[in-house]
>>> print(open('entry31.cif').read())   # mmCIF, C-alpha atoms
data_structure
#
loop_
_atom_site.label_atom_id
_atom_site.label_comp_id
_atom_site.auth_asym_id
_atom_site.auth_seq_id
_atom_site.Cartn_x
_atom_site.Cartn_y
_atom_site.Cartn_z
CA MET R 813 25.31 -13.17 27.66
CA ILE R 814 22.72 -10.92 29.28
CA ILE R 815 20.57 -12.18 32.11
CA GLU R 816 17.53 -10.11 32.97
CA GLU R 817 15.19 -10.55 35.87
CA ILE R 818 11.71 -9.53 34.91
CA LYS R 819 9.32 -8.48 37.62
CA LEU R 820 5.66 -8.60 36.70
CA ARG R 821 3.02 -7.58 39.20
CA LYS R 822 -0.36 -9.11 38.56
CA MET R 823 -3.61 -8.38 40.34
CA VAL R 824 -6.51 -10.81 39.99
CA ALA R 825 -10.05 -9.85 40.92
CA THR R 826 -12.01 -11.94 43.41
CA ASP R 827 -14.62 -14.20 41.84
CA GLY R 828 -17.69 -12.13 40.97
CA PHE R 829 -15.74 -8.87 40.91
CA VAL R 830 -13.87 -6.68 38.43
CA LEU R 831 -10.87 -4.48 39.11
CA THR R 832 -10.98 -0.80 38.17
CA ASN R 833 -8.98 2.37 38.66
CA GLY R 834 -12.00 4.44 37.67
CA GLU R 835 -11.15 4.45 33.97
CA ALA R 836 -9.99 0.97 32.96
CA TYR R 837 -11.50 -2.36 33.93
CA GLY R 838 -10.33 -5.95 34.02
CA LYS R 839 -10.38 -9.28 35.82
CA GLU R 840 -6.57 -9.30 35.63
CA ILE R 841 -4.37 -6.25 35.78
CA TYR R 842 -0.64 -6.16 35.15
CA LEU R 843 0.70 -3.14 37.00
CA GLY R 844 3.01 -0.66 35.35
CA LYS R 845 6.30 0.01 37.11
CA ASN R 846 5.07 3.27 38.65
CA ASP R 847 1.58 2.10 39.62
CA SER R 848 0.36 0.83 42.98
CA PRO R 849 -2.33 -1.71 43.90
CA ALA R 850 -3.84 1.06 46.04
CA ASN R 851 -4.96 2.79 42.86
CA TRP R 852 -7.28 -0.11 41.99
CA HIS R 853 -10.42 -1.37 43.70
CA GLU R 854 -13.03 -4.02 43.04
CA ILE R 855 -16.59 -3.57 41.83
CA THR R 856 -19.16 -6.32 41.36
CA ASP R 857 -19.77 -7.94 38.00
CA GLU R 858 -23.26 -6.40 38.05
CA GLU R 859 -21.90 -2.91 38.58
CA TYR R 860 -19.46 -3.49 35.72
CA GLN R 861 -22.25 -4.66 33.40
CA THR R 862 -24.19 -1.49 34.24
CA ILE R 863 -21.17 0.59 33.28
CA LEU R 864 -20.76 -1.36 30.03
CA ALA R 865 -24.45 -0.88 29.19
CA GLU R 866 -24.12 2.86 29.70
CA GLN R 867 -21.01 2.97 27.51
CA GLU R 868 -22.86 1.06 24.79
CA ARG R 869 -25.84 3.40 25.04
CA ILE R 870 -23.55 6.37 24.54
CA ALA R 871 -21.81 4.63 21.64
CA GLN R 872 -25.08 3.79 19.89
CA GLU R 873 -26.21 7.39 20.25
CA GLY R 874 -23.10 8.32 18.31
CA GLY R 875 -21.35 9.93 21.22
CA VAL R 876 -17.79 10.91 20.36
CA MET N 529 -18.43 -1.35 -39.91
CA ALA N 530 -20.26 1.80 -41.02
CA LEU N 531 -23.23 3.60 -39.53
CA TYR N 532 -25.45 5.75 -41.72
CA LEU N 533 -27.32 8.67 -40.20
CA GLY N 534 -29.32 10.04 -43.05
CA ASN N 535 -26.83 10.52 -45.85
CA GLU N 536 -23.91 10.80 -43.47
CA LYS N 537 -21.65 7.78 -43.18
CA TYR N 538 -19.81 7.26 -39.87
CA ASN N 539 -17.08 4.80 -39.05
CA VAL N 540 -18.55 3.03 -36.01
CA ASN N 541 -15.19 1.99 -34.60
CA GLN N 542 -14.03 5.60 -34.51
CA TYR N 543 -17.34 6.59 -32.95
CA ALA N 544 -16.94 3.86 -30.31
CA ASP N 545 -13.38 5.03 -29.62
CA GLY N 546 -14.63 8.57 -29.35
CA PHE N 547 -17.36 7.48 -26.97
CA GLU N 548 -14.88 5.65 -24.78
CA ASP N 549 -12.50 8.59 -24.80
CA GLY N 550 -15.37 10.87 -23.91
CA GLU N 551 -16.54 8.60 -21.11
CA LYS N 552 -13.03 8.36 -19.69
CA SER N 553 -12.58 12.11 -19.92
CA ALA N 554 -15.90 12.67 -18.15
CA LEU N 555 -14.97 10.27 -15.36
CA ASP N 556 -11.52 11.82 -15.01
CA GLU N 557 -13.17 15.21 -14.65
CA PHE N 558 -15.74 13.77 -12.22
CA TRP N 559 -13.08 12.23 -10.00
CA GLY N 560 -10.83 15.21 -10.46
CA THR N 561 -13.56 17.40 -9.03
CA ILE N 562 -14.21 15.01 -6.16
CA GLN N 563 -10.54 14.51 -5.38
CA ASN N 564 -9.32 18.02 -6.26
CA TYR N 565 -7.04 16.40 -8.84
CA GLY N 566 -4.85 14.94 -6.10
CA GLN N 567 -4.34 18.26 -4.32
CA PRO N 568 -5.08 18.80 -0.60
CA LYS N 569 -8.77 18.76 0.24
CA ASN N 570 -11.11 18.34 3.19
CA PHE N 571 -12.64 14.89 2.72
CA SER N 572 -14.84 14.91 5.83
CA SER N 573 -17.97 12.78 5.29
CA TYR N 574 -17.21 12.38 1.58
CA PHE N 575 -18.00 8.69 1.21
CA ILE N 576 -20.57 8.12 3.94
CA THR N 577 -23.41 5.69 3.48
CA ALA N 578 -25.95 8.37 2.61
CA TYR N 579 -24.19 8.94 -0.70
CA ALA N 580 -24.52 5.27 -1.76
CA TRP N 581 -20.84 4.71 -2.44
CA ASN N 582 -19.92 1.06 -2.98
CA ASP N 583 -17.23 -1.02 -4.72
CA SER N 584 -18.80 -0.40 -8.13
CA THR N 585 -19.02 3.35 -7.82
CA PHE N 586 -15.85 4.00 -5.81
CA ASN N 587 -13.21 4.32 -8.54
CA PRO N 588 -10.74 7.04 -7.56
CA ARG N 589 -8.27 8.28 -10.11
CA PHE N 590 -6.08 10.56 -8.00
CA ASP N 591 -4.33 10.46 -4.65
CA PHE N 592 -6.38 11.44 -1.62
CA ILE N 593 -4.43 14.22 0.09
CA CYS N 594 -6.63 14.89 3.11
CA THR N 595 -6.67 18.05 5.19
CA SER N 596 -9.39 16.40 7.27
CA ALA N 597 -10.73 12.85 7.15
CA ALA N 598 -13.37 12.93 9.91
CA MET N 599 -16.22 10.56 9.03
CA MET N 600 -14.68 10.11 5.56
CA PHE N 601 -16.00 6.54 5.15
CA GLN N 602 -18.53 6.51 7.99
CA TYR N 603 -21.00 3.63 7.48
CA SER N 604 -19.81 3.37 3.86
CA LYS N 605 -20.74 0.26 1.84
CA ILE N 606 -17.32 0.18 0.14
CA THR N 607 -15.58 -3.09 1.10
CA LYS N 608 -12.18 -2.81 -0.61
CA LEU N 609 -10.01 0.20 0.01
CA ALA N 610 -6.33 -0.78 0.30
CA GLU N 611 -6.69 -3.23 -2.58
CA LYS N 612 -8.31 -0.67 -4.87
CA LEU N 613 -5.78 2.03 -4.05
CA LYS N 614 -2.93 -0.40 -4.64
CA GLU N 615 -4.34 -1.49 -8.02
CA ARG N 616 -4.40 2.13 -9.14
CA ASN N 617 -1.13 3.09 -7.48
CA LEU N 618 -2.90 5.72 -5.43
CA LYS N 619 -2.42 6.82 -1.84
CA LEU N 620 -4.62 7.91 1.03
CA ASP N 621 -2.60 10.54 2.84
CA THR N 622 -3.83 11.60 6.28
CA SER N 623 -0.51 12.97 7.49
CA ALA N 624 -1.84 16.55 7.62
CA CYS N 625 -5.16 15.71 9.30
CA SER N 626 -5.97 16.94 12.78
CA GLN N 627 -9.27 15.06 12.62
CA VAL N 628 -9.77 11.41 11.72
CA ASN N 629 -12.55 10.78 14.24
CA GLN N 630 -15.19 8.34 13.01
CA MET N 631 -13.23 7.93 9.76
CA PHE N 632 -14.22 4.25 9.44
CA GLN N 633 -17.04 4.16 11.97
CA GLY N 634 -19.50 1.44 11.00
CA ALA N 635 -17.85 1.09 7.58
CA SER N 636 -17.83 -2.12 5.52
CA ILE N 637 -14.21 -1.67 4.44
CA LYS N 638 -12.23 -4.83 5.18
CA ASP N 639 -8.74 -3.65 4.27
CA VAL N 640 -7.36 -0.30 5.39
CA PRO N 641 -4.05 1.03 4.01
CA ARG N 642 -1.21 2.36 6.12
CA LEU N 643 -2.31 5.67 7.64
CA ASP N 644 -0.23 8.41 9.18
CA ILE N 645 -2.22 9.84 12.11
CA THR N 646 0.67 11.64 13.75
CA LYS N 647 -1.09 15.02 13.56
CA ALA N 648 -4.56 13.70 14.40
CA GLN N 649 -5.69 15.21 17.69
CA TYR N 650 -9.21 13.82 17.24
CA VAL N 651 -9.31 10.05 16.73
CA SER N 652 -12.43 8.96 18.65
CA TYR N 653 -14.35 6.11 16.99
CA MET N 654 -11.83 5.97 14.14
CA PHE N 655 -12.71 2.28 13.88
CA GLY N 656 -15.57 2.44 16.35
CA THR N 657 -18.71 0.30 15.88
CA ASN N 658 -16.86 -1.32 12.98
CA ALA N 659 -17.39 -5.07 12.90
CA LYS N 660 -16.11 -5.47 9.33
CA VAL N 661 -12.52 -4.24 9.25
CA GLU N 662 -10.04 -7.15 9.07
CA THR N 663 -6.64 -5.69 8.30
CA ILE N 664 -5.01 -2.33 8.87
CA GLU N 665 -1.66 -2.18 7.09
CA GLY N 666 -0.33 0.34 9.56
CA LEU N 667 -1.18 3.18 11.91
CA ILE N 668 1.51 5.72 12.72
CA PHE N 669 1.07 7.41 16.10
CA SER N 670 2.75 10.34 17.81
CA LYS N 671 2.35 12.36 21.01
CA THR N 672 -0.25 14.47 19.22
CA THR N 673 -2.39 11.49 18.22
CA GLY N 674 -5.60 11.44 20.22
CA SER N 675 -4.53 14.34 22.43
CA ALA N 676 -7.99 15.94 22.13
CA SER N 677 -10.20 12.85 21.96
CA SER N 678 -9.58 9.14 21.62
CA THR N 679 -12.60 7.30 23.02
CA ASN N 680 -13.74 3.98 21.53
CA PHE N 681 -10.97 3.91 18.91
CA PHE N 682 -11.49 0.16 18.26
CA TYR N 683 -14.94 -0.21 19.84
CA GLN N 684 -16.58 -3.43 18.56
CA ALA N 685 -13.84 -4.03 15.95
CA SER N 686 -14.38 -7.75 16.46
CA LYS N 687 -13.12 -8.92 13.04
CA LEU N 688 -9.77 -7.14 13.20
CA THR N 689 -7.02 -9.73 12.75
CA HIS N 690 -4.01 -7.58 11.95
CA CYS N 691 -2.91 -4.03 12.63
CA LYS N 692 0.68 -2.86 12.57
CA PHE N 693 1.25 -0.14 15.15
CA GLU N 694 4.05 2.34 14.41
CA GLY N 695 5.50 5.47 15.93
CA LYS N 696 4.88 6.24 19.61
CA ILE N 697 1.56 5.72 21.40
CA HIS N 698 0.73 8.13 24.22
CA ILE N 699 -3.07 7.64 24.33
CA ASN N 700 -4.26 6.64 27.78
CA ASP N 701 -6.77 3.79 27.95
CA LEU N 702 -6.64 2.60 24.35
CA ASN N 703 -9.06 -0.32 24.42
CA LEU N 704 -8.60 -3.35 22.16
CA SER N 705 -10.62 -5.81 24.25
CA ASP N 706 -13.19 -6.22 21.44
CA CYS N 707 -10.43 -7.16 18.97
CA VAL N 708 -10.31 -10.78 20.05
CA LEU N 709 -8.95 -12.02 16.68
CA LEU N 710 -5.92 -9.73 16.74
CA ASP N 711 -2.74 -11.66 15.97
CA LYS N 712 0.28 -11.73 18.23
CA GLU N 713 2.43 -9.79 15.78
CA SER N 714 -0.03 -6.91 16.05
CA LEU N 715 -0.11 -7.03 19.84
CA LEU N 716 3.67 -6.99 20.02
CA SER N 717 3.87 -4.05 17.63
CA LEU N 718 1.44 -2.23 19.93
CA LEU N 719 3.48 -2.94 23.06
CA ASN N 720 6.69 -1.91 21.35
CA CYS N 721 5.13 1.39 20.29
CA LEU N 722 3.97 2.39 23.76
CA ALA N 723 5.89 5.49 24.80
CA GLU N 724 7.85 5.57 28.02
CA THR N 725 5.68 7.30 30.65
CA GLU N 726 6.30 8.50 34.18
CA THR N 727 2.56 8.95 34.81
CA THR N 728 0.92 5.53 34.76
CA LYS N 729 -1.24 4.89 31.71
CA THR N 730 -3.36 1.90 30.79
CA VAL N 731 -3.92 -0.07 27.62
CA THR N 732 -6.85 -2.49 27.78
CA LEU N 733 -6.24 -5.65 25.77
CA GLY N 734 -8.86 -7.87 27.42
CA ALA N 735 -8.44 -11.41 28.68
CA THR N 736 -8.29 -13.05 25.22
CA ASN N 737 -5.43 -10.88 24.01
CA LEU N 738 -3.57 -10.98 27.33
CA ALA N 739 -3.56 -14.78 27.10
CA LYS N 740 -1.63 -14.57 23.81
CA LEU N 741 1.32 -12.87 25.51
CA THR N 742 4.09 -14.29 27.65
CA ASP N 743 5.08 -12.59 30.88
CA GLU N 744 8.24 -11.27 29.19
CA GLU N 745 6.11 -9.73 26.46
CA LYS N 746 3.73 -8.13 28.96
CA ALA N 747 6.75 -6.67 30.71
CA ILE N 748 7.53 -4.68 27.54
CA ALA N 749 4.57 -2.49 28.53
CA THR N 750 4.82 -2.55 32.32
CA GLU N 751 8.50 -1.63 32.29
CA LYS N 752 7.59 1.51 30.35
CA GLY N 753 5.00 2.54 32.95
CA TRP N 754 1.86 1.06 31.37
CA ASP N 755 -0.76 -1.02 33.14
CA LEU N 756 -2.23 -3.85 31.07
CA ALA N 757 -5.89 -4.62 31.65
#
>>> encode(input="entry31.cif", output="structure tokens")
Amino acid sequence: MIIEEIKLRKMVATDGFVLTNGEAYGKEIYLGKNDSPANWHEITDEEYQTILAEQERIAQEGGV
Amino acid sequence: MALYLGNEKYNVNQYADGFEDGEKSALDEFWGTIQNYGQPKNFSSYFITAYAWNDSTFNPRFDFICTSAAMMFQYSKITKLAEKLKERNLKLDTSACSQVNQMFQGASIKDVPRLDITKAQYVSYMFGTNAKVETIEGLIFSKTTGSASSTNFFYQASKLTHCKFEGKIHINDLNLSDCVLLDKESLLSLLNCLAETETTKTVTLGATNLAKLTDEEKAIATEKGWDLA
């Protein structure tokens, strides 16, 4: 029989905010074993929507 | 039945057989030219929408041995690919390709066969702005895959229900948050393919896909050094 203890670190954004490390975004982030909460910060939902709109604009222009 | 042309009598059945043989021969030669008779060829942009390829006109007769597959089916109106290749016992071989970027961008193809992208350094928009693809039989990754570009690999692939991930994934920030219909088997194959990494990398699944996984399943990724967003 093998018994494993699994440690999962989860960060949840404050209501109205989104977590980001500058590249990835999410309301909930499960941290990898070598990552630190200090590498993530919160931005507002509005700021996130602005980023998404810019990404979509680039995508529609065929940016690769 | 006989056909008379002037005083000449022709056996119509033989003529019909000859016509069919001729038509087949012409099509074999046509597809042989397009597909280089199953020998390696650069298929970049070969079946894009501008060339009006669709299910009626797309009737390959040889294997596709691709030296490059960038934009191969970009915005194509073909809807059946894996099915058609299987019917004809043909393969789509991308194992030698360094470029598969935009290969299925905006395409109407619903079923994609298993593809080896282990040598593909350029994979951006491979299934980007593609809201039609439903199943991908398999994608084989390696350390080389996406090493030059990998943005928006599954951007807007909202109909994707199944994709088997194989090999080892090293791409940072692969984003599947638009693939909200992706089944659990596909997600688990993805997590199991993530390579061990000392430098933290992220794979973005989105809230809908994260909710399909148990904590133990999420730990498959985090224990290998990957953040899940």
>>> closest_atom_pairs(input="entry31.cif", of="chain N", to="chain R", cutoff="10 Å", atoms="all atoms listed in the file", output="CSV")
residue,atom,partner,partner_atom,distance
N:Asn629,CA,R:Val876,CA,8.1
N:Gln630,CA,R:Val876,CA,8.2
N:Gln633,CA,R:Gly874,CA,9.7
N:Tyr650,CA,R:Val876,CA,9.6
N:Val651,CA,R:Val876,CA,9.3
N:Ser652,CA,R:Val876,CA,6.0
N:Tyr653,CA,R:Val876,CA,6.8
N:Met654,CA,R:Val876,CA,9.9
N:Gly656,CA,R:Ala871,CA,8.5
N:Thr657,CA,R:Ala871,CA,7.8
N:Ser677,CA,R:Val876,CA,8.0
N:Ser678,CA,R:Val876,CA,8.5
N:Thr679,CA,R:Val876,CA,6.9
N:Asn680,CA,R:Ala871,CA,8.1
N:Phe681,CA,R:Val876,CA,9.9
N:Tyr683,CA,R:Ala871,CA,8.6
N:Gln684,CA,R:Glu868,CA,9.9
N:Asn700,CA,R:Glu835,CA,9.5
N:Asp701,CA,R:Ala836,CA,6.6
N:Leu702,CA,R:Ala836,CA,9.4
N:Asn703,CA,R:Ala836,CA,8.7
N:Ser705,CA,R:Gly838,CA,9.8
N:Thr725,CA,R:Asn846,CA,9.0
N:Glu726,CA,R:Asn846,CA,7.0
N:Thr727,CA,R:Asn846,CA,7.3
N:Thr728,CA,R:Asp847,CA,6.0
N:Lys729,CA,R:Gly844,CA,7.9
N:Thr730,CA,R:Ala836,CA,7.0
N:Val731,CA,R:Ala836,CA,8.2
N:Thr732,CA,R:Ala836,CA,7.0
N:Leu733,CA,R:Gly838,CA,9.2
N:Gly734,CA,R:Gly838,CA,7.0
N:Ala735,CA,R:Glu840,CA,7.5
N:Leu738,CA,R:Glu840,CA,9.0
N:Asp743,CA,R:Leu820,CA,7.1
N:Glu744,CA,R:Ile818,CA,6.9
N:Lys746,CA,R:Tyr842,CA,7.8
N:Ala747,CA,R:Leu820,CA,6.4
N:Ile748,CA,R:Ile818,CA,9.8
N:Ala749,CA,R:Gly844,CA,7.2
N:Thr750,CA,R:Gly844,CA,4.0
N:Glu751,CA,R:Lys845,CA,5.5
N:Lys752,CA,R:Lys845,CA,7.0
N:Gly753,CA,R:Gly844,CA,4.5
N:Trp754,CA,R:Gly844,CA,4.5
N:Asp755,CA,R:Gly844,CA,4.4
N:Leu756,CA,R:Tyr842,CA,5.0
N:Ala757,CA,R:Ile841,CA,4.7
>>> atom_distance(input="entry31.cif", atom1="CA of Phe632 (chain N)", atom2="CA of Asn582 (chain N)")
14.0 Å
>>> atom_distance(input="entry31.cif", atom1="CA of Glu615 (chain N)", atom2="CA of Gly546 (chain N)")
25.7 Å
>>> residues_around(input="entry31.cif", residues="region 569-580 of chain N", least_positions_apart="5", cutoff="7 Å", atoms="only C-alpha atoms", output="PyMOL selection string")
chain N and resi 564+593-605
>>> resolve_selection(input="entry31.cif", expression="the PyMOL selection byres ((chain R and resi 859) around 12)", output="list in words")
Gly828, Phe829, Val830, Leu831, Thr832, Tyr837, Glu854, Ile855, Thr856, Asp857, Glu858, Tyr860, Gln861, Thr862, Ile863, Leu864, Ala865 and Glu866 of chain R
>>> residues_around(input="entry31.cif", residues="Arg589 (chain N)", least_positions_apart="6", cutoff="9 Å", atoms="all atoms listed in the file", output="PDB file with C-alpha atoms, in the frame of the given file")
ATOM      1  CA  LEU N 555     -14.970  10.270 -15.360  1.00  0.00           C
ATOM      2  CA  ASP N 556     -11.520  11.820 -15.010  1.00  0.00           C
ATOM      3  CA  TRP N 559     -13.080  12.230 -10.000  1.00  0.00           C
ATOM      4  CA  GLY N 560     -10.830  15.210 -10.460  1.00  0.00           C
ATOM      5  CA  GLN N 563     -10.540  14.510  -5.380  1.00  0.00           C
ATOM      6  CA  TYR N 565      -7.040  16.400  -8.840  1.00  0.00           C
ATOM      7  CA  GLY N 566      -4.850  14.940  -6.100  1.00  0.00           C
ATOM      8  CA  ARG N 616      -4.400   2.130  -9.140  1.00  0.00           C
ATOM      9  CA  LEU N 618      -2.900   5.720  -5.430  1.00  0.00           C
TER      10      LEU N 618
END
>>> atom_distance(input="entry31.cif", atom1="CA of Leu719 (chain N)", atom2="CA of Thr622 (chain N)")
23.4 Å
>>> axis_aligned_box(input="entry31.cif", around="region 842-851 of chain R", padding_each_side="3 Å", output="lines of an AutoDock Vina configuration file")
center_x = 0.7
center_y = -1.4
center_z = 40.6
size_x = 17.3
size_y = 15.4
size_z = 16.9
>>> resolve_selection(input="entry31.cif", expression="the PyMOL selection byres ((chain N and resi 663-667) around 9)", output="ChimeraX atom specification")
/N:610,638-646,661-662,668-669,687-695
>>> resolve_selection(input="entry31.cif", expression="the PyMOL selection byres ((chain N and resi 696) around 7)", output="list in words")
Phe669, Ser670, Lys671, Glu694, Gly695, Ile697, His698, Cys721, Leu722 and Ala723 of chain N
